[in-house]
file input.cif (mmCIF, C-alpha atoms)
data_structure
loop_
_atom_site.label_atom_id
_atom_site.label_comp_id
_atom_site.auth_asym_id
_atom_site.auth_seq_id
_atom_site.Cartn_x
_atom_site.Cartn_y
_atom_site.Cartn_z
CA MET C 1 0.00 0.00 0.00
CA ARG C 2 1.45 3.34 -1.06
CA ILE C 3 0.69 6.16 1.37
CA SER C 4 1.16 9.88 0.77
CA LEU C 5 1.37 12.41 3.58
CA VAL C 6 -0.02 15.71 2.30
CA MET C 7 2.09 18.51 3.79
CA THR C 8 1.67 22.28 3.66
CA GLY C 9 5.27 23.41 3.21
CA THR C 10 7.72 23.75 0.32
CA PRO C 11 9.95 21.21 -1.45
CA ASP C 12 12.93 22.31 0.68
CA HIS C 13 10.89 22.42 3.92
CA PRO C 14 7.85 20.14 3.58
CA ILE C 15 7.24 19.98 7.34
CA ARG C 16 5.95 23.49 7.85
CA ASN C 17 4.21 23.28 11.21
CA GLY C 18 3.32 21.12 14.18
CA MET C 19 0.32 19.56 12.44
CA ASP C 20 2.54 18.31 9.60
CA LEU C 21 5.06 16.98 12.10
CA TYR C 22 2.94 15.44 14.87
CA ARG C 23 -0.21 14.43 13.06
CA LEU C 24 1.30 13.25 9.76
CA TYR C 25 5.03 12.63 9.74
CA MET C 26 5.57 11.22 13.24
CA PRO C 27 2.84 8.54 13.24
CA TYR C 28 3.29 7.44 9.62
CA SER C 29 7.04 7.86 9.02
CA LYS C 30 7.92 4.23 9.82
CA ILE C 31 5.24 2.73 7.57
CA ASP C 32 6.61 1.12 4.41
CA GLY C 33 5.71 2.94 1.21
CA VAL C 34 5.21 6.38 2.74
CA THR C 35 5.98 9.43 0.58
CA ILE C 36 5.35 13.16 0.92
CA ASN C 37 3.27 15.38 -1.35
CA LEU C 38 2.59 19.08 -0.98
CA LYS C 39 -1.04 20.13 -0.71
CA HIS C 40 -0.81 22.91 -3.28
CA ASP C 41 0.74 20.58 -5.90
CA LEU C 42 -1.89 17.84 -5.92
CA ILE C 43 -4.95 19.22 -7.72
CA GLY C 44 -4.63 18.25 -11.38
CA ALA C 45 -1.55 16.09 -10.80
CA LYS C 46 -1.20 12.38 -11.46
CA LEU C 47 -1.85 10.57 -8.17
CA ASP C 48 0.43 7.57 -7.63
CA SER C 49 -0.40 6.64 -4.05
CA ASP C 50 -3.26 4.48 -2.79
CA VAL C 51 -3.98 6.49 0.37
CA TYR C 52 -3.66 10.23 1.05
CA VAL C 53 -3.41 11.46 4.65
CA ILE C 54 -4.39 15.11 5.15
CA ASN C 55 -4.57 17.26 8.27
CA ARG C 56 -7.54 19.69 8.39
CA ALA C 57 -10.46 19.83 5.99
CA TYR C 58 -9.57 22.41 3.36
CA PRO C 59 -9.66 23.10 0.52
CA VAL C 60 -12.64 20.89 -0.24
CA GLU C 61 -11.65 20.84 -3.93
CA LEU C 62 -8.53 18.86 -3.04
CA PHE C 63 -10.56 16.13 -1.35
CA ARG C 64 -12.99 15.93 -4.25
CA TYR C 65 -10.14 15.62 -6.75
CA ILE C 66 -8.39 12.83 -4.83
CA LYS C 67 -11.66 10.92 -4.48
CA GLU C 68 -12.46 11.31 -8.18
CA GLN C 69 -9.14 9.55 -8.90
CA GLY C 70 -10.34 6.53 -6.95
CA LYS C 71 -7.98 7.04 -4.00
CA LYS C 72 -8.57 6.56 -0.27
CA ILE C 73 -8.38 9.56 2.07
CA ILE C 74 -7.61 9.75 5.79
CA LEU C 75 -8.55 13.11 7.31
CA ASP C 76 -6.81 14.08 10.54
CA LEU C 77 -8.48 16.71 12.73
CA ASP C 78 -6.23 18.12 15.42
CA ASP C 79 -8.46 20.68 17.11
CA HIS C 80 -11.99 21.77 18.02
CA TRP C 81 -13.05 24.17 15.24
CA ASP C 82 -16.15 25.67 16.81
CA ILE C 83 -14.12 28.72 17.81
CA PRO C 84 -15.22 30.50 21.04
CA THR C 85 -15.83 34.24 21.09
CA TRP C 86 -12.76 34.93 23.26
CA HIS C 87 -10.36 33.41 20.74
CA ARG C 88 -8.34 35.70 18.44
CA LEU C 89 -9.54 33.64 15.45
CA HIS C 90 -13.24 34.14 16.16
CA PRO C 91 -14.74 35.89 13.09
CA LYS C 92 -16.04 38.89 15.06
CA ARG C 93 -12.63 39.50 16.63
CA LEU C 94 -10.93 39.16 13.26
CA GLU C 95 -13.40 41.61 11.69
CA ALA C 96 -12.72 44.15 14.45
CA ASN C 97 -8.96 43.76 14.04
CA ILE C 98 -9.24 44.19 10.27
CA GLN C 99 -11.07 47.49 10.71
CA HIS C 100 -8.53 48.62 13.29
CA ALA C 101 -5.63 47.80 10.94
CA LYS C 102 -7.33 49.66 8.10
CA SER C 103 -7.89 52.71 10.31
CA LEU C 104 -4.13 52.77 10.97
CA LYS C 105 -3.47 52.23 7.24
CA LEU C 106 -1.66 48.94 7.99
CA ASP C 107 -2.60 47.43 4.64
CA ASN C 108 -0.40 44.33 4.86
CA GLU C 109 -1.71 43.44 8.31
CA ALA C 110 -5.31 44.02 7.19
CA GLN C 111 -4.78 41.71 4.21
CA MET C 112 -3.25 39.01 6.41
CA LEU C 113 -6.17 39.22 8.84
CA GLN C 114 -8.63 39.08 5.95
CA ARG C 115 -7.03 35.86 4.71
CA GLN C 116 -7.38 34.41 8.21
CA LEU C 117 -11.02 35.46 8.35
CA ASP C 118 -11.81 33.92 4.96
CA GLU C 119 -10.18 30.67 6.03
CA VAL C 120 -11.93 30.52 9.40
CA VAL C 121 -15.36 31.23 7.91
CA SER C 122 -14.90 28.40 5.41
CA TRP C 123 -13.63 25.82 7.92
CA LYS C 124 -16.89 24.54 9.34
CA HIS C 125 -18.72 24.58 5.98
CA GLN C 126 -15.90 22.67 4.33
CA LEU C 127 -15.69 20.24 7.23
CA ASN C 128 -19.33 19.30 6.74
CA GLU C 129 -18.55 18.51 3.10
CA VAL C 130 -15.23 16.78 3.61
CA VAL C 131 -16.32 14.27 6.29
CA LYS C 132 -18.78 12.89 3.73
CA ILE C 133 -15.97 12.37 1.21
CA VAL C 134 -13.16 10.79 3.23
CA ASP C 135 -12.72 7.14 4.14
CA ALA C 136 -11.55 7.65 7.72
CA VAL C 137 -11.16 10.43 10.28
CA THR C 138 -8.43 10.45 12.94
CA VAL C 139 -7.99 12.60 16.04
CA SER C 140 -5.53 12.75 18.92
CA THR C 141 -7.75 12.23 22.00
CA PRO C 142 -10.99 10.52 23.12
CA THR C 143 -12.53 13.90 23.99
CA LEU C 144 -11.96 15.24 20.49
CA ALA C 145 -13.25 11.97 19.03
CA ALA C 146 -16.49 12.33 20.98
CA TYR C 147 -16.92 15.92 19.76
CA TYR C 148 -16.55 15.05 16.07
CA ASP C 149 -18.71 11.97 16.38
CA LYS C 150 -21.50 14.04 17.95
CA GLN C 151 -21.19 16.98 15.56
CA PHE C 152 -20.57 15.17 12.28
CA ASN C 153 -21.16 11.44 12.93
CA ALA C 154 -17.54 11.03 11.83
CA LYS C 155 -16.68 7.93 13.92
CA PRO C 156 -13.07 9.09 14.43
CA LEU C 157 -10.21 6.75 15.25
CA ILE C 158 -7.60 7.84 17.80
CA VAL C 159 -3.97 8.13 16.70
CA PRO C 160 -2.15 9.43 19.81
CA ASN C 161 0.59 12.00 19.62
CA THR C 162 4.12 10.82 20.15
CA ILE C 163 7.67 12.12 19.78
CA ALA C 164 10.34 10.40 17.73
CA PRO C 165 13.66 11.88 18.95
CA GLU C 166 15.46 10.73 15.82
CA ILE C 167 13.18 12.99 13.76
CA THR C 168 13.20 16.11 15.94
CA ARG C 169 15.57 17.94 18.27
CA PHE C 170 13.86 16.77 21.46
CA THR C 171 16.49 15.71 23.97
CA THR C 172 16.99 15.45 27.72
CA LYS C 173 20.21 17.47 27.38
CA LYS C 174 20.13 20.76 29.30
CA GLN C 175 22.29 23.81 28.74
CA PRO C 176 24.01 24.94 31.96
CA SER C 177 22.54 27.75 34.04
CA ARG C 178 22.79 29.03 37.60
CA PHE C 179 18.98 29.32 37.65
CA THR C 180 16.18 26.81 37.96
CA ARG C 181 14.44 27.65 34.69
CA PHE C 182 10.64 27.62 34.36
CA GLY C 183 9.63 27.53 30.70
CA PHE C 184 6.37 28.52 29.05
CA ILE C 185 7.11 26.92 25.68
CA ALA C 186 3.93 27.46 23.70
CA GLY C 187 2.49 28.61 20.42
CA THR C 188 0.40 31.66 19.64
CA PHE C 189 -3.06 32.50 21.04
CA ARG C 190 -2.20 31.32 24.57
CA GLU C 191 -2.70 34.63 26.39
CA ARG C 192 -5.71 33.43 28.44
CA ASP C 193 -3.83 30.34 29.56
CA ALA C 194 -0.74 32.37 30.42
CA ALA C 195 -2.89 34.75 32.48
CA LEU C 196 -3.63 31.91 34.92
CA MET C 197 0.00 32.18 36.07
CA HIS C 198 0.13 35.98 36.38
CA LYS C 199 -0.40 36.33 40.15
CA GLY C 200 1.86 33.40 40.93
CA ILE C 201 4.68 34.74 38.79
CA GLN C 202 4.41 38.21 40.33
CA ARG C 203 4.55 36.75 43.83
CA SER C 204 7.54 34.59 42.88
CA PHE C 205 9.34 37.68 41.58
CA LYS C 206 8.81 39.44 44.93
CA ASP C 207 9.91 36.44 47.05
CA GLN C 208 13.35 37.44 48.33
CA GLU C 209 14.32 33.84 49.09
CA LEU C 210 13.90 33.02 45.37
CA LYS C 211 15.78 36.07 44.13
CA GLY C 212 18.65 35.06 41.85
CA LYS C 213 17.63 31.38 41.95
CA TRP C 214 14.89 31.07 39.33
CA GLN C 215 14.31 32.27 35.78
CA LEU C 216 11.17 32.56 33.66
CA ILE C 217 11.62 31.46 30.04
CA GLN C 218 9.06 32.31 27.34
CA THR C 219 8.83 31.30 23.68
CA PHE C 220 8.83 34.51 21.68
CA ASN C 221 8.53 36.00 18.22
CA ALA C 222 6.98 39.15 16.78
CA HIS C 223 3.39 37.88 17.10
CA GLY C 224 1.27 40.14 19.30
CA SER C 225 0.15 37.37 21.64
CA TYR C 226 3.73 36.81 22.84
CA ALA C 227 4.20 40.52 23.52
CA GLU C 228 0.96 40.58 25.53
CA GLN C 229 2.15 37.65 27.63
CA GLU C 230 5.52 39.33 28.16
CA ARG C 231 3.85 42.51 29.40
CA ASN C 232 1.86 40.46 31.91
CA PHE C 233 4.84 38.38 33.06
CA THR C 234 6.98 41.48 33.65
CA ASN C 235 4.11 43.60 35.03
CA ASN C 236 4.35 45.89 32.01
CA TYR C 237 8.18 45.77 32.18
CA THR C 238 8.30 47.26 35.69
CA ASN C 239 9.89 44.06 37.04
CA VAL C 240 12.95 44.45 34.81
CA SER C 241 15.61 47.12 34.76
CA GLU C 242 15.24 50.10 32.44
CA TRP C 243 18.12 49.05 30.17
CA TYR C 244 16.76 45.49 29.87
CA ARG C 245 13.28 46.80 29.09
CA ASP C 246 14.76 48.88 26.27
CA TYR C 247 16.69 45.83 25.06
CA LEU C 248 13.54 43.68 25.00
CA LYS C 249 11.62 46.31 23.06
CA LYS C 250 14.24 46.21 20.29
CA PHE C 251 13.14 42.62 19.51
CA ILE C 252 16.71 41.43 19.01
CA GLU C 253 16.67 37.74 18.06
CA GLN C 254 20.28 37.02 18.94
CA GLY C 255 22.33 37.89 21.97
CA ASN C 256 20.77 35.51 24.48
CA HIS C 257 23.89 35.96 26.59
CA VAL C 258 22.46 39.36 27.53
CA ALA C 259 19.42 37.67 29.05
CA ASN C 260 21.19 34.74 30.71
CA GLN C 261 21.59 36.63 33.99
CA GLN C 262 18.07 38.10 34.05
CA TRP C 263 15.08 36.64 35.87
CA TYR C 264 13.04 36.81 32.64
CA LYS C 265 14.32 35.58 29.28
CA ARG C 266 12.92 35.03 25.79
CA VAL C 267 13.73 31.95 23.76
CA TRP C 268 13.01 32.75 20.13
CA ALA C 269 10.57 30.35 18.51
CA MET C 270 11.96 27.71 16.17
CA ASP C 271 10.47 25.72 13.31
CA ALA C 272 8.57 22.51 14.02
CA VAL C 273 11.52 20.13 13.58
CA ASN C 274 13.85 22.18 15.80
CA TYR C 275 11.18 23.21 18.33
CA GLY C 276 12.36 20.71 20.92
CA LYS C 277 15.76 22.38 21.19
CA MET C 278 14.12 25.16 23.23
CA TYR C 279 13.59 22.68 26.06
CA GLU C 280 17.36 22.53 26.55
CA GLU C 281 16.88 25.78 28.48
CA VAL C 282 13.96 24.52 30.59
CA ASP C 283 14.10 22.60 33.87
CA VAL C 284 10.40 22.91 34.74
CA ALA C 285 7.66 23.20 32.12
CA LEU C 286 4.79 25.58 32.88
CA ILE C 287 1.62 24.13 31.35
CA PRO C 288 -1.41 26.31 32.10
CA MET C 289 -4.77 25.55 30.49
CA GLN C 290 -8.02 27.40 31.06
CA HIS C 291 -10.90 24.99 31.62
CA GLY C 292 -13.51 24.86 28.85
CA VAL C 293 -14.91 22.78 26.01
CA PHE C 294 -12.56 24.22 23.37
CA ASN C 295 -9.43 23.62 25.43
CA SER C 296 -10.53 20.19 26.65
CA CYS C 297 -10.37 19.01 23.03
CA LYS C 298 -6.71 19.94 22.70
CA SER C 299 -4.07 17.22 22.85
CA GLU C 300 -1.69 16.36 25.69
CA LEU C 301 1.27 17.53 23.61
CA LYS C 302 2.75 20.08 26.06
CA LEU C 303 2.82 17.41 28.78
CA ILE C 304 4.35 14.91 26.33
CA GLU C 305 7.06 17.40 25.36
CA ALA C 306 7.91 18.04 29.01
CA GLY C 307 8.15 14.32 29.76
CA PHE C 308 10.22 13.45 26.71
CA THR C 309 12.72 16.24 27.46
CA GLY C 310 13.26 15.42 31.12
CA CYS C 311 11.43 18.42 32.60
CA ALA C 312 9.45 18.56 35.78
CA ALA C 313 6.07 20.27 35.26
CA ILE C 314 3.52 22.53 36.91
CA VAL C 315 0.23 21.77 35.15
CA SER C 316 -3.39 22.88 35.18
CA ASP C 317 -5.43 19.96 36.53
CA VAL C 318 -7.91 20.00 33.64
CA MET C 319 -8.57 18.04 30.48
CA PRO C 320 -6.71 16.93 28.45
CA TYR C 321 -3.92 16.60 31.04
CA ALA C 322 -5.87 15.44 34.10
CA PRO C 323 -5.93 11.65 33.41
CA TYR C 324 -2.11 11.52 33.49
CA LEU C 325 -1.42 13.75 36.50
CA GLU C 326 -0.39 12.54 39.97
CA HIS C 327 0.18 15.56 42.18
CA ASN C 328 3.60 15.53 43.86
CA VAL C 329 4.36 12.22 42.13
CA ASN C 330 4.88 13.11 38.45
CA CYS C 331 3.98 16.83 38.51
CA ILE C 332 2.58 19.67 40.53
CA ALA C 333 -1.07 19.89 39.51
CA THR C 334 -3.05 23.02 40.32
CA ASN C 335 -6.18 24.98 39.51
CA GLU C 336 -5.43 27.80 41.95
CA ASP C 337 -3.90 31.22 41.25
CA GLN C 338 -1.26 30.73 43.91
CA GLY C 339 -0.58 27.13 42.97
CA TRP C 340 1.85 28.45 40.38
CA TYR C 341 3.74 30.42 43.05
CA ARG C 342 3.89 27.45 45.41
CA GLY C 343 5.10 25.25 42.57
CA ILE C 344 7.80 27.70 41.47
CA ARG C 345 8.97 28.14 45.04
CA GLU C 346 9.03 24.44 45.90
CA LEU C 347 10.76 23.32 42.71
CA THR C 348 13.34 26.10 42.94
CA LEU C 349 14.30 25.23 46.51
CA ASN C 350 13.84 21.45 46.39
CA LYS C 351 16.14 19.94 43.75
CA GLU C 352 15.36 16.38 44.87
CA LEU C 353 11.63 16.84 44.32
CA ARG C 354 12.26 18.49 40.96
CA HIS C 355 14.28 15.53 39.75
CA LYS C 356 11.74 13.02 41.09
CA LEU C 357 8.84 14.69 39.29
CA ALA C 358 10.82 14.91 36.05
CA TRP C 359 11.77 11.23 36.16
CA ASN C 360 8.22 10.07 36.97
CA LEU C 361 6.66 12.30 34.31
CA GLN C 362 9.04 10.89 31.73
CA GLU C 363 8.05 7.36 32.71
CA THR C 364 4.34 8.24 32.46
CA MET C 365 4.70 9.83 29.04
CA PHE C 366 6.89 6.98 27.70
CA GLU C 367 4.22 4.51 28.81
CA HIS C 368 1.21 6.25 27.26
CA PHE C 369 2.67 8.09 24.26
CA ASN C 370 5.46 5.89 22.91
CA HIS C 371 5.90 5.46 19.18
CA ASN C 372 4.77 1.81 19.32
CA ARG C 373 1.28 2.90 20.37
CA ALA C 374 1.01 5.43 17.57
CA ASP C 375 2.40 2.90 15.11
CA ALA C 376 -0.11 0.24 16.21
CA ALA C 377 -3.00 2.71 15.85
CA VAL C 378 -1.91 3.58 12.32
CA HIS C 379 -1.62 -0.09 11.30
CA THR C 380 -5.08 -0.79 12.71
CA LEU C 381 -6.45 2.15 10.74
CA LEU C 382 -4.83 1.10 7.47
CA ASN C 383 -6.24 -2.41 7.85
CA THR C 384 -9.77 -0.98 7.90
CA LEU C 385 -9.46 0.78 4.54
#
call {"tool": "encode", "arguments": {"input": "input.cif", "output": "structure tokens"}}
result
Amino acid sequence: MRISLVMTGTPDHPIRNGMDLYRLYMPYSKIDGVTINLKHDLIGAKLDSDVYVINRAYPVELFRYIKEQGKKIILDLDDHWDIPTWHRLHPKRLEANIQHAKSLKLDNEAQMLQRQLDEVVSWKHQLNEVVKIVDAVTVSTPTLAAYYDKQFNAKPLIVPNTIAPEITRFTTKKQPSRFTRFGFIAGTFRERDAALMHKGIQRSFKDQELKGKWQLIQTFNAHGSYAEQERNFTNNYTNVSEWYRDYLKKFIEQGNHVANQQWYKRVWAMDAVNYGKMYEEVDVALIPMQHGVFNSCKSELKLIEAGFTGCAAIVSDVMPYAPYLEHNVNCIATNEDQGWYRGIRELTLNKELRHKLAWNLQETMFEHFNHNRADAAVHTLLNTL
């Protein structure tokens, strides 16, 4: 059986994002006969594979074309696409941001936001069409499977996330530091989750016993959501010196040595394949998640990343993480504002506990999210086609 993974990148960099990496390449890479095609090259092309695996249901024309050629299609859905009103990608928020950009004559930004809006508006309509075309639907978690089964009668199969260290830069190696480093290694649109930690981080900053012993690490690039999180973490830059505030506002990507002695430090975001390298500067992963239907359908990936890279973790005790959490055994689990402060304090001052939680979390993640499980799920799926 010849299988094609339909990526969204370019010939030189086919793995463009986390969906390409985790939902396509990782679970299918060890299957015999797997090749890669690019989504934008397929319509009108000669199709040589028997099965095409695609993440996310657009454009619908691509699915129709593949089906017309007599091929099988596996659709992977990695998220809950009934977007809540608080999310930056909700149509009303995008419309407001487009008008704001236009009022400031930021034409390029307005055009980018318009493209996002057009895509978001088409998602649910196209999803209704595509689930009727494809031969199988896969998701990452039971909660997400239940959502798509209820909404679209899709009968999804679960292919769990995993990490293949030989494919990515995920490693247990840590770069040296005099600090215990607490890392919020996350993508965009995580401001509401980050806000759960705000009071705890501010209290940790003011704790004189912790002074000079801990460091807050944040993924960063020029996206506005990272800047908003940074303002909250640093209390609008009042918790950093004036010269360091000016340095941060220059958005300099290099020169991390400048930040190595500061209590707050950016780690500039990397591409999907190299993403794991950022964890070399993290001893404890900060994994906040606001409770709600939309978030409960997300995957356990942040917890998996922490476990596979030898980090301890402070985690929101909510879905999708809750089934794997044992407080003070493999993590510090909390749903309280000050739980983040207590966790930062305890794991800064108690090296033995930090190492115990990291070891036990790694064991838990290796048990539930090893590549053999993902591989077995994929083989079961292919046998049903």
call {"tool": "resolve_selection", "arguments": {"input": "input.cif", "expression": "the PyMOL selection byres ((chain C and resi 85-102) around 8)", "output": "list in words"}}
result
Ile83, Pro84, Ser103, Leu104, Lys105, Leu106, Asp107, Glu109, Ala110, Gln111, Leu113, Gln114, Gln116, Leu117, Val120, Val121 and Phe189 of chain C
call {"tool": "residues_near_point", "arguments": {"input": "input.cif", "point": "(-6.2, 4.3, 16.6)", "cutoff": "10 Å", "atoms": "only C-alpha atoms", "output": "list in words"}}
result
Thr138, Val139, Ser140, Thr141, Pro156, Leu157, Ile158, Val159, Pro160, Arg373, Ala374, Asp375, Ala376, Ala377, Val378, His379, Thr380, Leu381 and Leu382 of chain C
call {"tool": "resolve_selection", "arguments": {"input": "input.cif", "expression": "the PyMOL selection byres ((chain C and resi 182) around 7)", "output": "JSON, numbers by chain"}}
result
{"C": [180, 181, 183, 184, 215, 216, 217, 282, 283, 284, 285, 286]}
call {"tool": "write_last_selection", "arguments": {"input": "input.cif", "atoms": "C-alpha atoms", "output": "short mmCIF file (atom, residue, chain, number, x, y, z; two decimals), in the frame of the given file"}}
result
data_model
loop_
_atom_site.label_atom_id
_atom_site.label_comp_id
_atom_site.auth_asym_id
_atom_site.auth_seq_id
_atom_site.Cartn_x
_atom_site.Cartn_y
_atom_site.Cartn_z
CA THR C 180 16.18 26.81 37.96
CA ARG C 181 14.44 27.65 34.69
CA GLY C 183 9.63 27.53 30.70
CA PHE C 184 6.37 28.52 29.05
CA GLN C 215 14.31 32.27 35.78
CA LEU C 216 11.17 32.56 33.66
CA ILE C 217 11.62 31.46 30.04
CA VAL C 282 13.96 24.52 30.59
CA ASP C 283 14.10 22.60 33.87
CA VAL C 284 10.40 22.91 34.74
CA ALA C 285 7.66 23.20 32.12
CA LEU C 286 4.79 25.58 32.88
#
call {"tool": "resolve_selection", "arguments": {"input": "input.cif", "expression": "the PyMOL selection byres ((chain C and resi 355) around 10)", "output": "PDB file with C-alpha atoms, in the frame of the given file"}}
result
ATOM      1  CA  ASP C 283      14.100  22.600  33.870  1.00  0.00           C
ATOM      2  CA  VAL C 284      10.400  22.910  34.740  1.00  0.00           C
ATOM      3  CA  GLY C 310      13.260  15.420  31.120  1.00  0.00           C
ATOM      4  CA  CYS C 311      11.430  18.420  32.600  1.00  0.00           C
ATOM      5  CA  ALA C 312       9.450  18.560  35.780  1.00  0.00           C
ATOM      6  CA  ASN C 330       4.880  13.110  38.450  1.00  0.00           C
ATOM      7  CA  LEU C 347      10.760  23.320  42.710  1.00  0.00           C
ATOM      8  CA  ASN C 350      13.840  21.450  46.390  1.00  0.00           C
ATOM      9  CA  LYS C 351      16.140  19.940  43.750  1.00  0.00           C
ATOM     10  CA  GLU C 352      15.360  16.380  44.870  1.00  0.00           C
ATOM     11  CA  LEU C 353      11.630  16.840  44.320  1.00  0.00           C
ATOM     12  CA  ARG C 354      12.260  18.490  40.960  1.00  0.00           C
ATOM     13  CA  LYS C 356      11.740  13.020  41.090  1.00  0.00           C
ATOM     14  CA  LEU C 357       8.840  14.690  39.290  1.00  0.00           C
ATOM     15  CA  ALA C 358      10.820  14.910  36.050  1.00  0.00           C
ATOM     16  CA  TRP C 359      11.770  11.230  36.160  1.00  0.00           C
ATOM     17  CA  ASN C 360       8.220  10.070  36.970  1.00  0.00           C
ATOM     18  CA  LEU C 361       6.660  12.300  34.310  1.00  0.00           C
TER      19      LEU C 361
END
call {"tool": "atom_distance", "arguments": {"input": "input.cif", "atom1": "atom CA of C:Val258", "atom2": "atom CA of C:Phe220"}}
result
15.6 Å
call {"tool": "closest_residue", "arguments": {"input": "input.cif", "among": "C:Leu196, C:Met278, C:Met19, C:Ala269", "to": "C:Gln338", "atoms": "all atoms listed in the file"}}
result
C:Leu196
call {"tool": "closest_residue", "arguments": {"input": "input.cif", "among": "C:Ile73, C:Val53, C:Val267, C:Leu24", "to": "C:Glu253", "atoms": "only C-alpha atoms"}}
result
C:Val267
call {"tool": "closest_residue", "arguments": {"input": "input.cif", "among": "C:Thr188, C:Asn232, C:Glu280, C:Thr364", "to": "C:Pro176", "atoms": "all atoms listed in the file"}}
result
C:Glu280
call {"tool": "closest_residue", "arguments": {"input": "input.cif", "among": "C:Lys213, C:His368, C:Lys206, C:Arg345", "to": "C:Tyr324", "atoms": "all atoms listed in the file"}}
result
C:His368
call {"tool": "atom_distance", "arguments": {"input": "input.cif", "atom1": "atom CA of C:Gly224", "atom2": "atom CA of C:Ser122"}}
result
24.3 Å
call {"tool": "atom_distance", "arguments": {"input": "input.cif", "atom1": "atom CA of C:Glu119", "atom2": "atom CA of C:Gln218"}}
result
28.8 Å
call {"tool": "residues_around", "arguments": {"input": "input.cif", "residues": "C:Val34", "least_positions_apart": "5", "cutoff": "10 Å", "atoms": "all atoms listed in the file", "output": "count of residues only"}}
result
11
call {"tool": "closest_residue", "arguments": {"input": "input.cif", "among": "C:Arg342, C:Arg266, C:Arg56, C:His80", "to": "C:Ile185", "atoms": "only C-alpha atoms"}}
result
C:Arg266
call {"tool": "residues_around", "arguments": {"input": "input.cif", "residues": "C:Leu47", "least_positions_apart": "5", "cutoff": "10 Å", "atoms": "all atoms listed in the file", "output": "NGL selection string"}}
result
:C and (4 or 37 or 42 or 52 or 65-66 or 69-71)
call {"tool": "write_last_selection", "arguments": {"input": "input.cif", "atoms": "C-alpha atoms", "output": "mmCIF file, in the frame of the given file"}}
result
data_model
loop_
_atom_site.group_PDB
_atom_site.id
_atom_site.type_symbol
_atom_site.label_atom_id
_atom_site.label_comp_id
_atom_site.auth_asym_id
_atom_site.auth_seq_id
_atom_site.Cartn_x
_atom_site.Cartn_y
_atom_site.Cartn_z
ATOM 1 C CA SER C 4 1.160 9.880 0.770
ATOM 2 C CA ASN C 37 3.270 15.380 -1.350
ATOM 3 C CA LEU C 42 -1.890 17.840 -5.920
ATOM 4 C CA TYR C 52 -3.660 10.230 1.050
ATOM 5 C CA TYR C 65 -10.140 15.620 -6.750
ATOM 6 C CA ILE C 66 -8.390 12.830 -4.830
ATOM 7 C CA GLN C 69 -9.140 9.550 -8.900
ATOM 8 C CA GLY C 70 -10.340 6.530 -6.950
ATOM 9 C CA LYS C 71 -7.980 7.040 -4.000
#
call {"tool": "residues_near_point", "arguments": {"input": "input.cif", "point": "(9.5, 32.7, 46.7)", "cutoff": "10 Å", "atoms": "all atoms listed in the file", "output": "PyMOL selection string"}}
result
chain C and resi 200-211+213-214+341-346+348-349
call {"tool": "axis_aligned_box", "arguments": {"input": "input.cif", "around": "stretch 51-63 of chain C", "padding_each_side": "8 Å", "output": "JSON"}}
result
{"center_x": -8.0, "center_y": 14.8, "center_z": 2.2, "size_x": 25.2, "size_y": 32.6, "size_z": 28.3}
call {"tool": "closest_residue", "arguments": {"input": "input.cif", "among": "C:Ser241, C:Asn153, C:Asn260, C:Thr168", "to": "C:Ile15", "atoms": "all atoms listed in the file"}}
result
C:Thr168
call {"tool": "residues_around", "arguments": {"input": "input.cif", "residues": "C:Asn295", "least_positions_apart": "3", "cutoff": "9 Å", "atoms": "all atoms listed in the file", "output": "number ranges by chain"}}
result
C: 79-80, 289-292, 298-299, 319-320
call {"tool": "build_atoms", "arguments": {"input": "input.cif", "residues": "stretch 34-42 of chain C", "atoms": "N, CA and C atoms", "output": "PDB file, in the frame of the given file"}}
result
ATOM      1  N   VAL C  34       5.667   5.017   2.468  1.00  0.00           N
ATOM      2  CA  VAL C  34       5.210   6.380   2.740  1.00  0.00           C
ATOM      3  C   VAL C  34       6.023   7.383   1.916  1.00  0.00           C
ATOM      4  N   THR C  35       5.335   8.324   1.288  1.00  0.00           N
ATOM      5  CA  THR C  35       5.980   9.430   0.580  1.00  0.00           C
ATOM      6  C   THR C  35       5.326  10.734   1.038  1.00  0.00           C
ATOM      7  N   ILE C  36       5.886  11.846   0.577  1.00  0.00           N
ATOM      8  CA  ILE C  36       5.350  13.160   0.920  1.00  0.00           C
ATOM      9  C   ILE C  36       4.925  13.888  -0.353  1.00  0.00           C
ATOM     10  N   ASN C  37       3.723  14.457  -0.315  1.00  0.00           N
ATOM     11  CA  ASN C  37       3.270  15.380  -1.350  1.00  0.00           C
ATOM     12  C   ASN C  37       2.940  16.713  -0.698  1.00  0.00           C
ATOM     13  N   LEU C  38       2.968  17.773  -1.480  1.00  0.00           N
ATOM     14  CA  LEU C  38       2.590  19.080  -0.980  1.00  0.00           C
ATOM     15  C   LEU C  38       1.160  19.391  -1.402  1.00  0.00           C
ATOM     16  N   LYS C  39       0.395  19.920  -0.481  1.00  0.00           N
ATOM     17  CA  LYS C  39      -1.040  20.130  -0.710  1.00  0.00           C
ATOM     18  C   LYS C  39      -1.309  20.948  -1.964  1.00  0.00           C
ATOM     19  N   HIS C  40      -0.544  22.015  -2.159  1.00  0.00           N
ATOM     20  CA  HIS C  40      -0.810  22.910  -3.280  1.00  0.00           C
ATOM     21  C   HIS C  40      -0.409  22.341  -4.626  1.00  0.00           C
ATOM     22  N   ASP C  41       0.304  21.184  -4.639  1.00  0.00           N
ATOM     23  CA  ASP C  41       0.740  20.580  -5.900  1.00  0.00           C
ATOM     24  C   ASP C  41      -0.193  19.485  -6.403  1.00  0.00           C
ATOM     25  N   LEU C  42      -1.166  19.070  -5.605  1.00  0.00           N
ATOM     26  CA  LEU C  42      -1.890  17.840  -5.920  1.00  0.00           C
ATOM     27  C   LEU C  42      -3.023  17.999  -6.923  1.00  0.00           C
TER      28      LEU C  42
END
